[in-house]
>>> print(open('start_38.cif').read())   # mmCIF, C-alpha atoms
data_structure
loop_
_atom_site.group_PDB
_atom_site.id
_atom_site.type_symbol
_atom_site.label_atom_id
_atom_site.label_comp_id
_atom_site.auth_asym_id
_atom_site.auth_seq_id
_atom_site.Cartn_x
_atom_site.Cartn_y
_atom_site.Cartn_z
ATOM 1 C CA MET Z 1 0.762 -12.134 73.271
ATOM 2 C CA PHE Z 2 4.555 -12.484 72.923
ATOM 3 C CA GLU Z 3 4.855 -8.805 72.054
ATOM 4 C CA ARG Z 4 2.830 -7.865 75.136
ATOM 5 C CA VAL Z 5 5.035 -10.040 77.351
ATOM 6 C CA ALA Z 6 8.220 -8.613 75.790
ATOM 7 C CA LEU Z 7 7.045 -5.030 76.319
ATOM 8 C CA ASN Z 8 6.260 -5.712 79.991
ATOM 9 C CA LEU Z 9 9.452 -7.514 81.033
ATOM 10 C CA GLY Z 10 10.484 -6.439 84.526
ATOM 11 C CA LYS Z 11 7.149 -4.745 85.272
ATOM 12 C CA SER Z 12 5.534 -7.646 87.141
ATOM 13 C CA TYR Z 13 5.888 -7.733 90.914
ATOM 14 C CA MET Z 14 4.884 -9.557 94.056
ATOM 15 C CA LEU Z 15 1.922 -7.989 95.830
ATOM 16 C CA PRO Z 16 2.151 -7.280 99.562
ATOM 17 C CA ARG Z 17 0.346 -9.827 101.728
ATOM 18 C CA PRO Z 18 -2.227 -8.650 104.274
ATOM 19 C CA MET Z 19 -1.098 -8.553 107.912
ATOM 20 C CA ASN Z 20 -2.833 -10.144 110.882
ATOM 21 C CA ARG Z 21 -3.222 -8.471 114.272
ATOM 22 C CA ALA Z 22 0.150 -9.781 115.390
ATOM 23 C CA GLY Z 23 1.780 -8.020 112.436
ATOM 24 C CA ARG Z 24 2.592 -11.193 110.507
ATOM 25 C CA PRO Z 25 1.598 -11.794 106.876
ATOM 26 C CA TYR Z 26 -1.144 -14.326 106.198
ATOM 27 C CA GLY Z 27 -2.739 -15.879 103.137
ATOM 28 C CA LYS Z 28 -1.049 -16.966 99.939
ATOM 29 C CA ALA Z 29 1.331 -14.715 98.057
ATOM 30 C CA SER Z 30 0.187 -13.337 94.734
ATOM 31 C CA TYR Z 31 1.776 -11.459 91.853
ATOM 32 C CA TYR Z 32 0.646 -8.694 89.548
ATOM 33 C CA LEU Z 33 1.557 -9.736 85.999
ATOM 34 C CA ALA Z 34 1.797 -6.597 83.900
ATOM 35 C CA SER Z 35 1.412 -8.449 80.591
ATOM 36 C CA PHE Z 36 -2.072 -9.574 81.607
ATOM 37 C CA LYS Z 37 -2.902 -6.598 83.850
ATOM 38 C CA LYS Z 38 -4.172 -9.075 86.469
ATOM 39 C CA GLU Z 39 -3.324 -10.523 89.854
ATOM 40 C CA PHE Z 40 -2.340 -14.208 89.968
ATOM 41 C CA SER Z 41 -1.890 -16.611 92.864
ATOM 42 C CA THR Z 42 1.477 -18.336 93.140
ATOM 43 C CA LYS Z 43 -0.439 -21.568 92.422
ATOM 44 C CA SER Z 44 -0.795 -20.475 88.798
ATOM 45 C CA LEU Z 45 2.900 -19.607 88.451
ATOM 46 C CA PRO Z 46 5.796 -22.006 87.790
ATOM 47 C CA LEU Z 47 6.790 -24.352 90.626
ATOM 48 C CA GLY Z 48 9.772 -22.250 91.725
ATOM 49 C CA TYR Z 49 7.425 -19.600 93.125
ATOM 50 C CA ARG Z 50 5.945 -22.062 95.641
ATOM 51 C CA TRP Z 51 8.654 -21.517 98.276
ATOM 52 C CA PRO Z 52 9.109 -17.881 99.384
ATOM 53 C CA SER Z 53 12.760 -18.307 100.365
ATOM 54 C CA SER Z 54 13.809 -19.724 96.994
ATOM 55 C CA ARG Z 55 11.800 -17.922 94.334
ATOM 56 C CA PRO Z 56 13.450 -17.374 90.937
ATOM 57 C CA GLN Z 57 15.401 -14.130 90.671
ATOM 58 C CA PRO Z 58 14.571 -12.586 87.283
ATOM 59 C CA LEU Z 59 17.480 -10.144 87.342
ATOM 60 C CA VAL Z 60 20.284 -12.699 87.830
ATOM 61 C CA ASP Z 61 21.765 -15.115 85.311
ATOM 62 C CA CYS Z 62 22.072 -17.997 87.781
ATOM 63 C CA ASP Z 63 19.965 -18.827 90.841
ATOM 64 C CA ALA Z 64 22.650 -21.136 92.311
ATOM 65 C CA GLU Z 65 24.018 -19.774 95.583
ATOM 66 C CA ALA Z 66 27.563 -20.969 94.868
ATOM 67 C CA CYS Z 67 27.734 -19.667 91.293
ATOM 68 C CA HIS Z 68 31.127 -18.347 90.184
ATOM 69 C CA HIS Z 69 30.704 -18.569 86.428
ATOM 70 C CA PRO Z 70 31.079 -15.526 84.178
ATOM 71 C CA SER Z 71 27.946 -14.104 82.610
ATOM 72 C CA GLN Z 72 29.080 -15.373 79.165
ATOM 73 C CA SER Z 73 28.530 -19.017 80.221
ATOM 74 C CA THR Z 74 25.597 -20.929 78.771
ATOM 75 C CA ILE Z 75 22.491 -20.557 80.901
ATOM 76 C CA GLN Z 76 19.270 -22.561 81.030
ATOM 77 C CA ARG Z 77 15.869 -21.448 82.292
ATOM 78 C CA LEU Z 78 13.954 -24.423 83.667
ATOM 79 C CA SER Z 79 10.186 -24.854 83.632
ATOM 80 C CA CYS Z 80 10.114 -24.093 87.378
ATOM 81 C CA GLY Z 81 11.368 -20.570 86.603
ATOM 82 C CA HIS Z 82 14.895 -20.932 87.987
ATOM 83 C CA THR Z 83 17.866 -20.128 85.758
ATOM 84 C CA PHE Z 84 21.287 -21.777 85.998
ATOM 85 C CA HIS Z 85 24.600 -21.940 84.211
ATOM 86 C CA SER Z 86 24.898 -25.454 82.795
ATOM 87 C CA PRO Z 87 27.836 -26.392 85.084
ATOM 88 C CA CYS Z 88 25.954 -25.131 88.189
ATOM 89 C CA MET Z 89 23.228 -27.738 87.762
ATOM 90 C CA SER Z 90 25.450 -30.682 86.752
ATOM 91 C CA ASP Z 91 27.308 -33.254 88.829
ATOM 92 C CA GLU Z 92 31.019 -33.997 88.374
ATOM 93 C CA GLY Z 93 30.207 -36.362 85.508
ATOM 94 C CA GLY Z 94 28.321 -33.634 83.617
ATOM 95 C CA ASN Z 95 24.907 -35.203 84.295
ATOM 96 C CA SER Z 96 22.098 -32.728 84.846
ATOM 97 C CA LEU Z 97 20.730 -32.707 88.382
ATOM 98 C CA GLY Z 98 17.562 -30.852 87.388
ATOM 99 C CA CYS Z 99 16.605 -27.896 89.526
ATOM 100 C CA ILE Z 100 18.964 -27.879 92.500
ATOM 101 C CA ILE Z 101 16.579 -25.540 94.343
ATOM 102 C CA CYS Z 102 13.144 -27.101 93.729
ATOM 103 C CA LEU Z 103 14.195 -30.755 94.114
ATOM 104 C CA PRO Z 104 15.265 -30.482 97.794
ATOM 105 C CA ASN Z 105 12.148 -28.403 98.537
ATOM 106 C CA LEU Z 106 9.912 -31.023 96.889
ATOM 107 C CA ILE Z 107 11.617 -33.853 98.781
ATOM 108 C CA SER Z 108 11.122 -31.963 102.057
ATOM 109 C CA ASP Z 109 7.420 -31.354 101.284
ATOM 110 C CA ILE Z 110 6.921 -35.035 100.373
ATOM 111 C CA GLN Z 111 8.533 -36.121 103.647
ATOM 112 C CA LYS Z 112 6.311 -33.734 105.647
ATOM 113 C CA LEU Z 113 3.173 -34.966 103.859
ATOM 114 C CA SER Z 114 4.164 -38.607 104.361
ATOM 115 C CA GLN Z 115 4.802 -38.070 108.063
ATOM 116 C CA SER Z 116 1.492 -36.234 108.426
ATOM 117 C CA TRP Z 117 -0.349 -39.014 106.560
ATOM 118 C CA ASN Z 118 1.230 -41.733 108.686
ATOM 119 C CA LYS Z 119 0.520 -39.800 111.872
ATOM 120 C CA GLY Z 120 -3.117 -39.440 110.783
ATOM 121 C CA LEU Z 121 -3.441 -43.168 110.119
ATOM 122 C CA LEU Z 122 -2.062 -44.042 113.512
ATOM 123 C CA SER Z 123 -3.506 -41.120 115.476
ATOM 124 C CA GLY Z 124 -6.139 -43.227 117.225
ATOM 125 C CA ILE Z 125 -3.784 -45.666 118.924
ATOM 126 C CA ASP Z 126 -3.859 -43.997 122.355
ATOM 127 C CA ASP Z 127 -7.020 -41.885 122.048
ATOM 128 C CA ASP Z 128 -9.107 -44.213 124.235
ATOM 129 C CA GLU Z 129 -7.651 -43.230 127.611
ATOM 130 C CA GLY Z 130 -10.854 -41.489 128.715
ATOM 131 C CA GLY Z 131 -12.804 -44.710 128.228
ATOM 132 C CA GLU Z 132 -15.035 -43.152 125.555
ATOM 133 C CA GLU Z 133 -16.203 -45.162 122.598
ATOM 134 C CA HIS Z 134 -15.052 -43.798 119.240
ATOM 135 C CA ASP Z 135 -16.992 -44.814 116.173
ATOM 136 C CA ASP Z 136 -15.228 -43.396 113.127
ATOM 137 C CA TYR Z 137 -16.227 -46.246 110.818
ATOM 138 C CA ASP Z 138 -19.039 -45.003 108.638
ATOM 139 C CA ASP Z 139 -21.577 -47.683 107.719
ATOM 140 C CA ASP Z 140 -23.501 -45.280 105.495
ATOM 141 C CA ASP Z 141 -20.770 -44.847 102.944
ATOM 142 C CA ASP Z 142 -21.907 -42.554 100.137
ATOM 143 C CA ASP Z 143 -20.051 -44.394 97.348
ATOM 144 C CA GLY Z 144 -22.428 -47.360 97.464
ATOM 145 C CA ASP Z 145 -20.036 -49.968 98.855
ATOM 146 C CA ASN Z 146 -21.553 -52.796 100.858
ATOM 147 C CA TYR Z 147 -19.660 -53.385 104.093
ATOM 148 C CA SER Z 148 -21.964 -56.095 105.415
ATOM 149 C CA LYS Z 149 -19.278 -58.711 104.655
ATOM 150 C CA LEU Z 150 -16.741 -56.814 106.757
ATOM 151 C CA GLU Z 151 -16.899 -56.733 110.492
ATOM 152 C CA LYS Z 152 -16.684 -53.332 112.086
ATOM 153 C CA PRO Z 153 -13.176 -52.492 113.389
ATOM 154 C CA LYS Z 154 -12.815 -51.767 117.081
ATOM 155 C CA GLU Z 155 -12.391 -48.031 117.637
ATOM 156 C CA LYS Z 156 -9.210 -46.714 116.016
ATOM 157 C CA ASP Z 157 -7.237 -49.948 116.215
ATOM 158 C CA HIS Z 158 -3.970 -49.569 114.311
ATOM 159 C CA LYS Z 159 -3.798 -53.353 113.890
ATOM 160 C CA TYR Z 160 -6.856 -53.148 111.630
ATOM 161 C CA PHE Z 161 -4.748 -51.469 108.931
ATOM 162 C CA LYS Z 162 -2.463 -54.523 108.872
ATOM 163 C CA SER Z 163 -5.261 -57.094 108.953
ATOM 164 C CA PRO Z 164 -6.576 -59.317 106.114
ATOM 165 C CA LEU Z 165 -9.914 -57.554 106.618
ATOM 166 C CA PHE Z 166 -8.373 -54.217 105.619
ATOM 167 C CA VAL Z 167 -6.543 -55.828 102.662
ATOM 168 C CA GLN Z 168 -9.888 -57.241 101.512
ATOM 169 C CA HIS Z 169 -11.495 -53.812 101.889
ATOM 170 C CA ILE Z 170 -8.770 -52.193 99.765
ATOM 171 C CA GLN Z 171 -8.962 -54.963 97.139
ATOM 172 C CA GLU Z 172 -12.725 -54.392 96.824
ATOM 173 C CA LYS Z 173 -12.073 -50.675 96.244
ATOM 174 C CA VAL Z 174 -9.414 -51.462 93.612
ATOM 175 C CA ASP Z 175 -11.723 -53.937 91.843
ATOM 176 C CA LYS Z 176 -14.538 -51.393 91.820
ATOM 177 C CA ILE Z 177 -12.265 -48.747 90.275
ATOM 178 C CA LYS Z 178 -10.944 -51.203 87.658
ATOM 179 C CA SER Z 179 -14.462 -52.224 86.643
ATOM 180 C CA ALA Z 180 -15.491 -48.564 86.339
ATOM 181 C CA ILE Z 181 -12.465 -47.838 84.141
ATOM 182 C CA ASN Z 182 -13.151 -50.917 81.988
ATOM 183 C CA ALA Z 183 -16.813 -49.949 81.599
ATOM 184 C CA GLN Z 184 -15.805 -46.429 80.604
ATOM 185 C CA SER Z 185 -13.259 -47.648 78.039
ATOM 186 C CA ILE Z 186 -15.809 -50.036 76.526
ATOM 187 C CA SER Z 187 -18.377 -47.246 76.180
ATOM 188 C CA HIS Z 188 -15.769 -45.063 74.434
ATOM 189 C CA GLU Z 189 -14.982 -47.842 71.963
ATOM 190 C CA GLU Z 190 -18.626 -48.162 70.990
#
>>> encode(input="start_38.cif", output="structure tokens")
Amino acid sequence: MFERVALNLGKSYMLPRPMNRAGRPYGKASYYLASFKKEFSTKSLPLGYRWPSSRPQPLVDCDAEACHHPSQSTIQRLSCGHTFHSPCMSDEGGNSLGCIICLPNLISDIQKLSQSWNKGLLSGIDDDEGGEEHDDYDDDDDDGDNYSKLEKPKEKDHKYFKSPLFVQHIQEKVDKIKSAINAQSISHEE
């Protein structure tokens, strides 16, 4: 395997993405990996390939934009695929900052997901303007929980998520998961 990879260095490439009617690319990017003679989605590649604007550059010694170190400096290739001179990825005290490209991208993605999640939780606050009844609370839950002890929340009331009723609901879920884990660990011990 290592010989095959070594013989195919520099022969892998990003495949062109299909275009939509407006002339813009769509779908996920993929790569042809010559060592395997197969096409792979970026999901199966190291993390650095997730963001198109900051993919690892295989032909450079250091992916840092502000790199001014000579090529003889010590370099490190991280598991995300990015390569840096040791000083380029360290703070003034010499402490490693990790990948200075992936970390900000991950933080940005986490913030976007958190905002989207919060927006989804609170999306029903003003949805009732048309006077329609919304019933998004599913009594026929397919995981077998019994909600008869809980009263049904009114529409998409954001106050419900701060109520003792919701805390009780979450605690019941947590207890159910804990008992399932305990039962599974006991069966493995036997």
>>> atom_distance(input="start_38.cif", atom1="atom CA of Z:Ser108", atom2="atom CA of Z:Ser54")
13.5 Å
>>> closest_residue(input="start_38.cif", among="Z:Gly23, Z:Pro104, Z:Gly93, Z:Pro164", to="Z:Trp51", atoms="only C-alpha atoms")
Z:Pro104
>>> closest_residue(input="start_38.cif", among="Z:Pro18, Z:Gly81, Z:Gly27, Z:Gly10", to="Z:Tyr49", atoms="all atoms listed in the file")
Z:Gly81
>>> axis_aligned_box(input="start_38.cif", around="stretch 36-52 of chain Z", padding_each_side="6 Å", output="AutoDock Vina command-line options")
--center_x 2.8 --center_y -15.5 --center_z 90.5 --size_x 25.9 --size_y 29.8 --size_z 29.8
>>> resolve_selection(input="start_38.cif", expression="the PyMOL selection byres ((chain Z and resi 80) around 6)", output="VMD selection string")
chain Z and resid 46 to 48 78 to 79 81 to 82
>>> atom_distance(input="start_38.cif", atom1="atom CA of Z:Ser30", atom2="atom CA of Z:Met14")
6.1 Å
>>> closest_residue(input="start_38.cif", among="Z:Met89, Z:Ala66, Z:Ala183, Z:Cys102", to="Z:Ser53", atoms="all atoms listed in the file")
Z:Cys102
>>> resolve_selection(input="start_38.cif", expression="the PyMOL selection byres ((chain Z and resi 59) around 12)", output="ChimeraX atom specification")
/Z:9-11,55-58,60-63,82-83
>>> atom_distance(input="start_38.cif", atom1="atom CA of Z:Leu15", atom2="atom CA of Z:Arg50")
14.6 Å
>>> closest_residue(input="start_38.cif", among="Z:Arg77, Z:Arg4, Z:Lys178, Z:Arg21", to="Z:Ser35", atoms="all atoms listed in the file")
Z:Arg4
>>> build_atoms(input="start_38.cif", residues="stretch 70-81 of chain Z", atoms="all heavy atoms", output="PDB file, keeping the file's coordinate frame")
ATOM      1  N   PRO Z  70      31.268 -16.835  84.817  1.00  0.00           N
ATOM      2  CA  PRO Z  70      31.079 -15.526  84.178  1.00  0.00           C
ATOM      3  C   PRO Z  70      29.737 -15.463  83.446  1.00  0.00           C
ATOM      4  O   PRO Z  70      29.166 -16.485  83.087  1.00  0.00           O
ATOM      5  CB  PRO Z  70      32.255 -15.437  83.196  1.00  0.00           C
ATOM      6  CG  PRO Z  70      32.706 -16.840  82.983  1.00  0.00           C
ATOM      7  CD  PRO Z  70      32.344 -17.608  84.222  1.00  0.00           C
ATOM      8  N   SER Z  71      29.264 -14.280  83.230  1.00  0.00           N
ATOM      9  CA  SER Z  71      27.946 -14.104  82.610  1.00  0.00           C
ATOM     10  C   SER Z  71      27.896 -14.613  81.175  1.00  0.00           C
ATOM     11  O   SER Z  71      26.827 -14.781  80.621  1.00  0.00           O
ATOM     12  CB  SER Z  71      27.523 -12.638  82.662  1.00  0.00           C
ATOM     13  OG  SER Z  71      28.474 -11.846  81.979  1.00  0.00           O
ATOM     14  N   GLN Z  72      29.068 -14.867  80.540  1.00  0.00           N
ATOM     15  CA  GLN Z  72      29.080 -15.373  79.165  1.00  0.00           C
ATOM     16  C   GLN Z  72      28.808 -16.874  79.097  1.00  0.00           C
ATOM     17  O   GLN Z  72      28.617 -17.408  78.024  1.00  0.00           O
ATOM     18  CB  GLN Z  72      30.434 -15.094  78.481  1.00  0.00           C
ATOM     19  CG  GLN Z  72      30.776 -13.649  78.290  1.00  0.00           C
ATOM     20  CD  GLN Z  72      31.444 -13.045  79.537  1.00  0.00           C
ATOM     21  OE1 GLN Z  72      31.666 -13.702  80.536  1.00  0.00           O
ATOM     22  NE2 GLN Z  72      31.743 -11.755  79.446  1.00  0.00           N
ATOM     23  N   SER Z  73      28.779 -17.574  80.223  1.00  0.00           N
ATOM     24  CA  SER Z  73      28.530 -19.017  80.221  1.00  0.00           C
ATOM     25  C   SER Z  73      27.109 -19.296  79.751  1.00  0.00           C
ATOM     26  O   SER Z  73      26.217 -18.471  79.883  1.00  0.00           O
ATOM     27  CB  SER Z  73      28.707 -19.593  81.627  1.00  0.00           C
ATOM     28  OG  SER Z  73      30.030 -19.447  82.050  1.00  0.00           O
ATOM     29  N   THR Z  74      26.911 -20.505  79.231  1.00  0.00           N
ATOM     30  CA  THR Z  74      25.597 -20.929  78.771  1.00  0.00           C
ATOM     31  C   THR Z  74      24.657 -21.048  79.958  1.00  0.00           C
ATOM     32  O   THR Z  74      25.008 -21.639  80.973  1.00  0.00           O
ATOM     33  CB  THR Z  74      25.694 -22.297  78.064  1.00  0.00           C
ATOM     34  OG1 THR Z  74      26.629 -22.187  76.997  1.00  0.00           O
ATOM     35  CG2 THR Z  74      24.343 -22.727  77.532  1.00  0.00           C
ATOM     36  N   ILE Z  75      23.474 -20.466  79.822  1.00  0.00           N
ATOM     37  CA  ILE Z  75      22.491 -20.557  80.901  1.00  0.00           C
ATOM     38  C   ILE Z  75      21.239 -21.270  80.404  1.00  0.00           C
ATOM     39  O   ILE Z  75      20.964 -21.302  79.212  1.00  0.00           O
ATOM     40  CB  ILE Z  75      22.114 -19.167  81.478  1.00  0.00           C
ATOM     41  CG1 ILE Z  75      21.507 -18.273  80.404  1.00  0.00           C
ATOM     42  CG2 ILE Z  75      23.299 -18.508  82.133  1.00  0.00           C
ATOM     43  CD1 ILE Z  75      20.911 -16.991  80.945  1.00  0.00           C
ATOM     44  N   GLN Z  76      20.511 -21.865  81.354  1.00  0.00           N
ATOM     45  CA  GLN Z  76      19.270 -22.561  81.030  1.00  0.00           C
ATOM     46  C   GLN Z  76      18.185 -22.088  81.985  1.00  0.00           C
ATOM     47  O   GLN Z  76      18.397 -22.041  83.191  1.00  0.00           O
ATOM     48  CB  GLN Z  76      19.435 -24.071  81.201  1.00  0.00           C
ATOM     49  CG  GLN Z  76      20.390 -24.705  80.259  1.00  0.00           C
ATOM     50  CD  GLN Z  76      20.497 -26.204  80.520  1.00  0.00           C
ATOM     51  OE1 GLN Z  76      20.137 -26.705  81.566  1.00  0.00           O
ATOM     52  NE2 GLN Z  76      21.006 -26.927  79.534  1.00  0.00           N
ATOM     53  N   ARG Z  77      17.028 -21.755  81.454  1.00  0.00           N
ATOM     54  CA  ARG Z  77      15.869 -21.448  82.292  1.00  0.00           C
ATOM     55  C   ARG Z  77      15.005 -22.699  82.307  1.00  0.00           C
ATOM     56  O   ARG Z  77      14.581 -23.186  81.274  1.00  0.00           O
ATOM     57  CB  ARG Z  77      15.068 -20.265  81.784  1.00  0.00           C
ATOM     58  CG  ARG Z  77      13.853 -19.975  82.677  1.00  0.00           C
ATOM     59  CD  ARG Z  77      13.173 -18.661  82.397  1.00  0.00           C
ATOM     60  NE  ARG Z  77      14.037 -17.522  82.401  1.00  0.00           N
ATOM     61  CZ  ARG Z  77      14.378 -16.826  83.497  1.00  0.00           C
ATOM     62  NH1 ARG Z  77      13.923 -17.192  84.670  1.00  0.00           N
ATOM     63  NH2 ARG Z  77      15.159 -15.776  83.411  1.00  0.00           N
ATOM     64  N   LEU Z  78      14.743 -23.207  83.503  1.00  0.00           N
ATOM     65  CA  LEU Z  78      13.954 -24.423  83.667  1.00  0.00           C
ATOM     66  C   LEU Z  78      12.468 -24.083  83.748  1.00  0.00           C
ATOM     67  O   LEU Z  78      12.087 -22.929  83.976  1.00  0.00           O
ATOM     68  CB  LEU Z  78      14.404 -25.168  84.926  1.00  0.00           C
ATOM     69  CG  LEU Z  78      15.895 -25.527  84.972  1.00  0.00           C
ATOM     70  CD1 LEU Z  78      16.220 -26.222  86.284  1.00  0.00           C
ATOM     71  CD2 LEU Z  78      16.268 -26.398  83.796  1.00  0.00           C
ATOM     72  N   SER Z  79      11.634 -25.083  83.602  1.00  0.00           N
ATOM     73  CA  SER Z  79      10.186 -24.854  83.632  1.00  0.00           C
ATOM     74  C   SER Z  79       9.706 -24.367  84.992  1.00  0.00           C
ATOM     75  O   SER Z  79       8.645 -23.776  85.099  1.00  0.00           O
ATOM     76  CB  SER Z  79       9.437 -26.128  83.218  1.00  0.00           C
ATOM     77  OG  SER Z  79       9.756 -27.170  84.100  1.00  0.00           O
ATOM     78  N   CYS Z  80      10.492 -24.574  86.048  1.00  0.00           N
ATOM     79  CA  CYS Z  80      10.114 -24.093  87.378  1.00  0.00           C
ATOM     80  C   CYS Z  80      10.347 -22.596  87.511  1.00  0.00           C
ATOM     81  O   CYS Z  80       9.888 -21.970  88.464  1.00  0.00           O
ATOM     82  CB  CYS Z  80      10.894 -24.844  88.460  1.00  0.00           C
ATOM     83  SG  CYS Z  80      12.675 -24.588  88.360  1.00  0.00           S
ATOM     84  N   GLY Z  81      11.095 -22.001  86.575  1.00  0.00           N
ATOM     85  CA  GLY Z  81      11.368 -20.570  86.603  1.00  0.00           C
ATOM     86  C   GLY Z  81      12.795 -20.239  87.003  1.00  0.00           C
ATOM     87  O   GLY Z  81      13.258 -19.123  86.789  1.00  0.00           O
TER      88      GLY Z  81
END
